[in-house]
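Student: What follows is work.cif, made up of mmCIF, C-alpha atoms:
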data_start
#
loop_
_atom_site.label_atom_id
_atom_site.label_comp_id
_atom_site.auth_asym_id
_atom_site.auth_seq_id
_atom_site.Cartn_x
_atom_site.Cartn_y
_atom_site.Cartn_z
CA MET A 255 150.84 7.51 140.77
CA ASN A 256 151.53 7.11 144.51
CA ILE A 257 151.97 10.88 144.82
CA LEU A 258 148.64 11.41 143.06
CA LYS A 259 146.86 8.94 145.36
CA LYS A 260 148.44 10.57 148.41
CA LYS A 261 147.34 14.01 147.21
CA THR A 262 143.78 12.74 146.61
CA GLY A 263 143.72 11.16 150.07
CA VAL A 264 144.75 14.45 151.67
CA TYR A 265 142.01 16.28 149.75
CA TYR A 266 139.40 13.78 150.95
CA LEU A 267 140.63 14.14 154.53
CA ILE A 268 140.44 17.95 154.41
CA ASN A 269 136.92 17.81 152.96
CA ALA A 270 135.83 15.31 155.62
CA VAL A 271 137.17 17.53 158.41
CA LEU A 272 135.44 20.61 156.97
CA VAL A 273 132.11 18.79 156.59
CA ALA A 274 132.33 17.39 160.15
CA ALA A 275 133.15 20.84 161.53
CA LEU A 276 130.23 22.41 159.65
CA PHE A 277 127.84 19.77 160.96
CA LEU A 278 129.03 20.16 164.56
CA VAL A 279 128.61 23.93 164.45
CA LEU A 280 125.10 23.72 162.94
CA ILE A 281 123.83 20.94 165.22
CA ILE A 282 125.12 22.78 168.31
CA VAL A 283 123.37 26.05 167.39
CA ILE A 284 120.18 24.10 166.57
CA ASN A 285 120.07 22.01 169.74
CA THR A 286 120.94 24.95 171.97
CA GLY A 287 118.13 27.03 170.48
CA THR A 288 120.47 29.65 169.04
CA LEU A 289 118.98 28.81 165.65
CA ASN A 290 115.20 28.66 166.01
CA GLY A 291 112.82 26.18 164.39
CA TYR A 292 112.04 28.44 161.44
CA TYR A 293 115.65 28.70 160.29
CA THR A 294 116.24 25.01 161.03
CA ASP A 295 113.34 24.21 158.70
CA ILE A 296 114.86 26.38 155.97
CA LEU A 297 118.23 24.63 156.32
CA THR A 298 116.54 21.22 156.15
CA PHE A 299 114.56 22.19 153.05
CA ALA A 300 117.79 23.47 151.49
CA LEU A 301 119.45 20.10 152.10
CA ILE A 302 116.47 18.25 150.59
CA ASN A 303 116.64 20.49 147.52
CA ILE A 304 120.40 19.88 147.27
CA VAL A 305 119.76 16.12 147.12
CA LEU A 306 117.08 16.62 144.45
CA ALA A 307 119.21 19.00 142.36
CA VAL A 308 122.31 16.78 142.50
CA SER A 309 120.28 13.70 141.53
CA LEU A 310 118.64 15.49 138.58
CA ASN A 311 122.03 16.85 137.53
CA LEU A 312 123.18 13.25 137.07
CA VAL A 313 120.60 12.76 134.30
CA THR A 314 120.22 16.25 132.85
CA GLY A 315 123.74 17.64 133.31
CA ILE A 316 126.09 14.65 133.30
CA LEU A 317 124.10 12.29 131.06
CA GLY A 318 122.63 15.09 128.96
CA GLN A 319 118.99 13.93 128.94
CA LEU A 320 116.28 16.50 129.69
CA VAL A 321 113.88 15.22 132.39
CA LEU A 322 110.77 17.13 133.48
CA GLY A 323 109.14 14.67 135.87
CA HIS A 324 111.59 14.50 138.77
CA ALA A 325 108.91 15.57 141.27
CA GLY A 326 107.04 12.36 140.40
CA PHE A 327 109.85 10.21 141.83
CA MET A 328 109.92 12.42 144.89
CA LEU A 329 106.16 11.91 145.35
CA VAL A 330 106.49 8.11 145.06
CA GLY A 331 109.24 8.13 147.67
CA ALA A 332 107.28 10.38 149.99
CA TYR A 333 104.23 8.09 149.98
CA ALA A 334 106.30 4.89 150.25
CA ALA A 335 108.17 6.10 153.34
CA ALA A 336 105.12 7.70 155.00
CA LEU A 337 102.80 4.72 154.48
CA PHE A 338 105.42 2.36 155.86
CA THR A 339 106.11 4.35 159.02
CA LYS A 340 102.40 5.00 159.62
CA ASN A 341 101.38 1.36 159.25
CA SER A 342 104.46 -0.27 160.73
CA GLU A 343 104.39 -1.36 164.35
CA LEU A 344 108.09 -0.51 164.66
CA SER A 345 109.26 2.56 166.53
CA LEU A 346 109.84 5.61 164.35
CA THR A 347 113.61 5.56 164.96
CA VAL A 348 113.72 2.07 163.41
CA ALA A 349 110.94 2.45 160.85
CA PHE A 350 112.18 5.73 159.39
CA PRO A 351 115.53 4.47 158.00
CA ILE A 352 113.77 1.39 156.59
CA GLY A 353 111.12 3.67 155.08
CA LEU A 354 113.82 5.75 153.38
CA VAL A 355 115.29 2.62 151.78
CA LEU A 356 111.81 1.58 150.60
CA SER A 357 111.15 5.08 149.27
CA GLY A 358 114.28 4.87 147.14
CA LEU A 359 113.45 1.35 145.92
CA PHE A 360 109.87 2.21 144.91
CA ALA A 361 111.08 5.33 143.09
CA ALA A 362 113.78 3.26 141.37
CA ILE A 363 111.16 0.73 140.22
CA CYS A 364 109.15 3.59 138.73
CA GLY A 365 112.39 4.78 137.13
CA VAL A 366 112.83 1.41 135.43
CA VAL A 367 109.22 1.34 134.24
CA ILE A 368 109.36 4.84 132.74
CA GLY A 369 113.00 4.60 131.65
CA LEU A 370 112.64 1.52 129.44
CA PRO A 371 110.46 3.26 126.84
CA ALA A 372 111.48 6.86 127.54
CA LEU A 373 115.25 6.48 127.14
CA ARG A 374 114.79 5.16 123.61
CA LEU A 375 113.90 8.73 122.74
CA ARG A 376 115.95 11.93 122.91
CA GLY A 377 115.55 15.65 123.45
CA ASP A 378 112.04 17.07 123.56
CA TYR A 379 110.37 13.66 123.26
CA LEU A 380 112.08 12.38 126.41
CA ALA A 381 111.12 15.56 128.25
CA ILE A 382 107.47 15.17 127.22
CA ILE A 383 107.32 11.52 128.36
CA THR A 384 108.87 12.27 131.76
CA LEU A 385 106.54 15.26 132.12
CA GLY A 386 103.60 12.95 131.44
CA PHE A 387 104.91 10.48 134.01
CA GLY A 388 105.08 13.17 136.69
CA GLU A 389 101.50 14.22 136.00
CA ILE A 390 100.23 10.61 135.90
CA ILE A 391 101.77 9.87 139.32
CA ARG A 392 100.15 12.99 140.77
CA VAL A 393 96.73 12.11 139.30
CA ILE A 394 96.98 8.54 140.61
CA ALA A 395 97.87 9.84 144.08
CA ASN A 396 94.84 12.14 143.91
CA ASN A 397 92.51 9.21 143.30
CA LEU A 398 93.81 6.35 145.44
CA LYS A 399 92.17 5.53 148.75
CA ILE A 400 95.45 4.46 150.34
CA THR A 401 96.95 7.91 149.69
CA ASN A 402 93.80 9.67 151.01
CA GLY A 403 93.23 11.18 147.59
CA ALA A 404 93.34 14.93 147.08
CA MET A 405 93.08 15.46 150.84
CA GLY A 406 96.67 14.26 151.13
CA LEU A 407 98.30 12.06 153.73
CA ARG A 408 98.44 13.67 157.16
CA GLY A 409 99.68 12.85 160.61
CA ILE A 410 103.15 11.74 159.49
CA ASP A 411 105.41 11.63 162.52
CA SER A 412 108.74 13.44 162.60
CA LEU A 413 111.89 12.50 164.48
CA SER A 414 112.39 16.12 165.50
CA ASN A 415 110.95 17.15 168.86
CA ARG A 416 111.70 19.49 171.75
CA ASN A 417 114.36 17.17 173.14
CA ASN A 418 115.97 16.65 169.74
CA PRO A 419 115.08 19.54 167.39
CA GLY A 420 117.88 18.72 164.95
CA ALA A 421 116.95 15.08 164.22
CA MET A 422 115.52 15.63 160.74
CA PHE A 423 118.26 18.11 159.94
CA THR A 424 120.84 15.44 160.86
CA TYR A 425 119.26 12.91 158.50
CA ALA A 426 118.98 15.45 155.68
CA PHE A 427 122.58 16.61 156.21
CA PHE A 428 124.14 13.16 156.11
CA ILE A 429 122.02 12.05 153.16
CA ALA A 430 123.11 15.18 151.26
CA VAL A 431 126.78 14.55 152.13
CA VAL A 432 126.59 10.90 151.05
CA VAL A 433 124.82 11.79 147.78
CA ILE A 434 127.34 14.52 146.93
CA PHE A 435 130.26 12.19 147.73
CA LEU A 436 128.76 9.40 145.61
CA MET A 437 128.20 11.77 142.69
CA PHE A 438 131.78 13.08 142.81
CA THR A 439 133.12 9.53 143.04
CA PHE A 440 130.85 8.29 140.25
CA VAL A 441 131.75 11.09 137.83
CA ARG A 442 135.46 10.41 138.32
CA SER A 443 135.05 6.65 137.86
CA ARG A 444 135.17 4.61 134.66
CA HIS A 445 131.38 4.42 134.63
CA GLY A 446 131.06 8.17 135.10
CA ARG A 447 133.35 8.83 132.15
CA ALA A 448 131.20 6.48 130.08
CA VAL A 449 128.10 8.49 131.00
CA ILE A 450 129.85 11.76 130.11
CA SER A 451 130.92 10.30 126.75
CA ILE A 452 127.24 9.59 125.99
CA ARG A 453 126.45 13.23 126.71
CA GLU A 454 129.20 14.46 124.40
CA ASP A 455 128.49 12.09 121.48
CA GLU A 456 126.25 9.07 121.92
CA ILE A 457 127.03 7.59 118.50
CA ALA A 458 130.79 7.84 119.05
CA ALA A 459 130.44 6.34 122.55
CA GLU A 460 128.47 3.40 121.19
CA SER A 461 131.00 2.85 118.43
CA MET A 462 133.73 2.62 121.10
CA GLY A 463 131.93 -0.28 122.75
CA ILE A 464 130.08 1.59 125.51
CA ASN A 465 126.69 0.08 126.32
CA THR A 466 124.74 3.33 126.03
CA THR A 467 121.37 1.77 126.90
CA TYR A 468 122.74 0.31 130.13
CA TYR A 469 124.43 3.52 131.28
CA LYS A 470 121.46 5.71 130.41
CA MET A 471 119.17 3.40 132.36
CA PHE A 472 121.62 3.18 135.27
CA ALA A 473 121.91 6.97 135.60
CA PHE A 474 118.14 7.45 135.25
CA VAL A 475 117.28 4.82 137.88
CA LEU A 476 119.97 6.05 140.29
CA ALA A 477 118.60 9.60 140.03
CA ALA A 478 115.08 8.29 140.68
CA PHE A 479 116.33 6.32 143.71
CA ILE A 480 117.94 9.41 145.25
CA ALA A 481 114.87 11.57 144.51
CA GLY A 482 112.70 8.97 146.27
CA ILE A 483 114.84 9.17 149.39
CA ALA A 484 114.59 12.96 149.31
CA GLY A 485 110.81 12.57 149.11
CA GLY A 486 110.84 10.32 152.18
CA VAL A 487 112.80 12.89 154.20
CA TYR A 488 110.49 15.67 152.97
CA ALA A 489 107.33 13.78 154.01
CA HIS A 490 108.53 13.18 157.57
CA HIS A 491 109.90 16.68 157.91
CA VAL A 492 106.69 18.42 156.80
CA GLY A 493 104.29 15.85 158.26
CA VAL A 494 101.84 16.19 155.35
CA ILE A 495 101.89 14.97 151.74
CA ASP A 496 99.84 17.13 149.40
CA PRO A 497 99.94 15.79 145.79
CA ALA A 498 99.41 19.33 144.50
CA LYS A 499 102.87 20.25 145.81
CA PHE A 500 104.51 17.77 143.42
CA ASP A 501 103.19 19.12 140.13
CA PHE A 502 104.99 20.28 136.98
CA ASN A 503 106.07 23.51 138.69
CA ARG A 504 107.98 21.52 141.31
CA SER A 505 109.85 19.59 138.61
CA VAL A 506 110.71 22.84 136.84
CA GLU A 507 111.88 24.33 140.13
CA ILE A 508 114.36 21.46 140.57
CA LEU A 509 115.46 21.82 136.94
CA ILE A 510 116.07 25.55 137.45
CA MET A 511 118.41 24.71 140.33
CA VAL A 512 120.42 22.47 138.00
CA VAL A 513 120.53 24.97 135.13
CA LEU A 514 121.31 27.90 137.41
CA GLY A 515 124.22 26.13 139.09
CA GLY A 516 125.58 24.75 135.84
CA MET A 517 124.55 21.57 134.05
CA GLY A 518 127.23 19.05 134.94
CA SER A 519 128.55 20.87 138.01
CA ILE A 520 127.75 19.16 141.32
CA THR A 521 128.98 22.04 143.45
CA GLY A 522 126.98 24.37 141.22
CA SER A 523 123.81 22.42 142.05
CA VAL A 524 124.65 22.61 145.76
CA ILE A 525 125.11 26.38 145.62
CA SER A 526 122.06 27.11 143.46
CA ALA A 527 119.77 24.81 145.49
CA SER A 528 120.87 26.55 148.68
CA VAL A 529 120.43 30.04 147.22
CA LEU A 530 117.05 29.31 145.60
CA THR A 531 115.75 27.86 148.88
CA ILE A 532 116.98 30.62 151.15
CA LEU A 533 116.47 33.62 148.83
CA PRO A 534 112.63 33.49 148.70
CA GLU A 535 112.55 33.33 152.49
CA LEU A 536 114.83 36.35 152.79
CA LEU A 537 112.56 38.28 150.44
CA ARG A 538 109.36 37.61 152.42
CA ASP A 539 109.47 41.16 153.82
CA PHE A 540 109.04 42.33 150.22
CA SER A 541 106.11 39.98 149.60
CA GLN A 542 104.64 42.20 146.87
CA TYR A 543 107.86 42.23 144.89
CA ARG A 544 109.40 38.97 146.08
CA MET A 545 108.64 36.87 142.98
CA LEU A 546 109.47 39.79 140.69
CA ILE A 547 112.95 40.18 142.21
CA TYR A 548 113.42 36.42 142.16
CA SER A 549 112.47 36.23 138.44
CA VAL A 550 114.64 39.20 137.45
CA ILE A 551 117.67 37.61 139.12
CA LEU A 552 117.10 34.38 137.19
CA ILE A 553 116.60 36.19 133.87
CA CYS A 554 119.74 38.32 134.32
CA LEU A 555 121.82 35.29 135.19
CA MET A 556 120.60 33.34 132.17
CA LEU A 557 121.26 36.33 129.89
CA PHE A 558 124.78 37.09 131.11
CA LYS A 559 125.83 33.60 132.25
CA PRO A 560 123.80 31.07 130.23
CA SER A 561 126.08 28.20 131.23
CA GLY A 562 125.06 28.70 134.87
CA LEU A 563 127.06 29.85 137.86
CA LEU A 564 129.88 27.32 137.44
CA GLY A 565 129.23 25.84 134.00
CA ARG A 566 130.77 22.36 134.24
CA TYR A 567 133.46 23.33 136.72
CA GLU A 568 133.68 22.19 140.33
CA ILE A 569 134.80 24.07 143.43
CA SER A 570 137.26 22.27 145.68
CA VAL A 571 138.27 23.87 148.97
CA PRO A 572 141.53 21.87 149.17
CA GLY A 573 142.17 22.73 145.52
CA LEU A 574 141.66 26.44 146.22
CA LEU A 575 144.00 26.25 149.22
CA HIS A 576 146.60 24.44 147.14
CA ALA A 577 146.36 27.06 144.38
CA LEU A 578 146.62 29.88 146.93
CA ILE A 579 149.70 28.35 148.59
CA LYS A 580 151.29 27.77 145.20
CA LYS A 581 150.61 31.39 144.20
CA ILE A 582 152.18 32.68 147.44
CA LYS A 583 155.27 30.50 146.92
CA ASN A 584 155.66 31.68 143.33
CA LYS A 585 155.32 35.29 144.45
CA LYS A 586 157.99 34.83 147.12
CA SER A 587 160.35 33.07 144.72
CA GLY A 588 159.81 35.90 142.21
CA GLU A 589 160.70 38.50 144.83
CA VAL A 590 163.85 36.61 145.70
#
Write the structure described by the file as structure tokens, please.

Tutor:
Amino acid sequence: MNILKKKTGVYYLINAVLVAALFLVLIIVINTGTLNGYYTDILTFALINIVLAVSLNLVTGILGQLVLGHAGFMLVGAYAAALFTKNSELSLTVAFPIGLVLSGLFAAICGVVIGLPALRLRGDYLAIITLGFGEIIRVIANNLKITNGAMGLRGIDSLSNRNNPGAMFTYAFFIAVVVIFLMFTFVRSRHGRAVISIREDEIAAESMGINTTYYKMFAFVLAAFIAGIAGGVYAHHVGVIDPAKFDFNRSVEILIMVVLGGMGSITGSVISASVLTILPELLRDFSQYRMLIYSVILICLMLFKPSGLLGRYEISVPGLLHALIKKIKNKKSGEV
């Protein structure tokens, strides 16, 4: 047991060093102007999509419940954070973190409200209810005076400026890292195993004494909380909230990232969210055929790899290094 804990600690240390090194490299090239604003925006959007995909994967992949209204929680979080920072007399550096917490809380409250009736259902019925929720939130936002209706909320300040072009990227990066770490930790915990057991066989899990209603609600609300925070970062990065951007298509886009990466694979969601954010930008030179190429790639992948890129497997850099070292040692011992 001590050996196992020591091995896990070493893995965590290696991952922490790699993440810190990656962040230092990216923030240096951003602040020095080596990476211009356009590519910085793409990286920030990729990080926001990673947070959204990982949070939806908790419900759809790990819990096994199909949700089609994830963009609704993102919209709630975006408005909550933006309205707070716009109407608060605090400086943006202080108001923004508080706004992100509020964005997550408001989205979580909506998650409780929709989750109580919705999680009593399964399969297509749950998907239809969450789809309806996403559309209701968008329609409400289009008709409220406080949200500026269909005109959208504008003039949202960003932390990024000429003196600090990587401010929003920094927030998005660390939020993505924290969310990924929490998801990995949660899945490997007792509570995570309980959630997975519900996905595999809900009746058997309940017969073993697992409170299925509690765990389904917990996973659903946690995913909503994280999506709300992602919405808050998105609002302050873009500077404008347009309700039309958070429609059914946006929810499906997030779901595609989860399915493409592998339902139940956190690293799969990270990879697919990054690819599906960057790929359309790379194909802008082929604007006439961009969406066609994009669609063909998705269709081919679903035909030949329906379980997604990684299925339910995870990629671990320390694990890969350990396997490589072990393979080299075995090869040398075989030669001897």

Student: Determine the residue set returned by the PyMOL selection byres ((chain A and resi 524-537) around 9) for the present structure, and present it as an MDAnalysis selection string.

Tutor: chainID A and resid 296:297 299:308 434 508 510:516 519:523 538:541 543:545 547:548 563

Student: Which of these, A:Val271, A:Ser451, A:Pro419, A:Ala335, has the shortest distance to Asn290 of chain A once you count all atoms listed in the file?

Tutor: A:Pro419

Student: Just want the 7 Å neighbourhood of segment 489-493 of chain A, counted on all atoms listed in the file, with same-chain residues fewer than 5 positions away dropped. Output as a ChimeraX atom specification.

Tutor: /A:332,336,408-412,422

Student: Would you export the selected residues with C-alpha atoms as a tab-separated table (two decimals), in the coordinates of the input, please?

Tutor:
chain	number	residue	atom	x	y	z
A	332	ALA	CA	107.28	10.38	149.99
A	336	ALA	CA	105.12	7.70	155.00
A	408	ARG	CA	98.44	13.67	157.16
A	409	GLY	CA	99.68	12.85	160.61
A	410	ILE	CA	103.15	11.74	159.49
A	411	ASP	CA	105.41	11.63	162.52
A	412	SER	CA	108.74	13.44	162.60
A	422	MET	CA	115.52	15.63	160.74

Student: Between atom CA of Ala458 of chain A and atom CA of Gly562 of chain A, measure the distance and give it in Å to one decimal.

Tutor: 26.8 Å

Student: Considering only C-alpha atoms, can you say which of A:Phe435, A:Ile429, A:Asp496, A:Arg416 comes closest to Pro351 of chain A?

Tutor: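 Closest candidate: A:Ile429.
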
Student: Extract, using all atoms listed in the file, all DNA, RNA and protein residues at most 12 Å from Phe502 of chain A, discarding same-chain residues fewer than 3 positions from it, and format them as a list in words.

Tutor: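 Result of the neighbour search: Val321, Leu322, Gly323, His324, Ala325, Gly326, Leu329, Ala381, Ile382, Thr384, Leu385, Gly386, Phe387, Gly388, Glu389, Ile390, Ile391, Arg392, Val393, Pro497, Ala498, Lys499, Ser505, Val506, Glu507, Ile508 and Leu509 of chain A.
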
Student: Do a neighbour search on Ile452 of chain A at 7 Å with all atoms listed in the file, toss out local chain neighbours closer than 5 positions, and write the hits as a list in words.

Tutor: Leu317, Ala459 and Thr466 of chain A

Student: Within 12 Å of Val367 of chain A, counting all atoms listed in the file, which residues show up once you throw out same-chain ones fewer than 6 positions away? Write them as an MDAnalysis selection string, please.

Tutor: chainID A and resid 327 360:361 373 383:384 387 471 474:475 478

Student: Point out the residue among A:Ile480, A:Leu436, A:Leu267, A:Ala275 with the least atom-to-atom distance to Ala362 of chain A, counting all atoms listed in the file.

Tutor: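 Closest to Ala362 of chain A, using all atoms listed in the file: A:Ile480.
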
Student: Using only C-alpha atoms, can you tell me which of A:Ile268, A:Leu380, A:Ala448, A:Ala274 comes closest to Met462 of chain A?

Tutor: A:Ala448

Student: To one decimal place, how far is atom CA of Gly518 of chain A from atom CA of Ile569 of chain A in Å?

Tutor: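 It comes out at 12.4 Å.
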
Student: How many Å lie between atom CA of Asn285 of chain A and atom CA of Asn415 of chain A, rounded to one decimal?

Tutor: 10.4 Å

Student: Rank nothing, just name the residue among A:Ile553, A:Ile450, A:Leu346, A:Leu398 nearest to Ile464 of chain A, using all atoms listed in the file.

Tutor: A:Ile450

Student: Find, counting only C-alpha atoms, the residue in A:Ala270, A:Met405, A:Val355, A:Val279 that gets nearest to Val431 of chain A.

Tutor: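 Checking each of A:Ala270, A:Met405, A:Val355, A:Val279 against Val431 of chain A, counting only C-alpha atoms, the winner is A:Ala270.
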
Student: The centre and edge lengths of an axis-aligned box containing all atoms of segment 471-482 of chain A present in the file, extended by 6 Å on each side, are to be given in Å to one decimal, as lines of an AutoDock Vina configuration file.

Tutor:
center_x = 117.3
center_y = 7.4
center_z = 139.3
size_x = 21.2
size_y = 20.4
size_z = 25.9
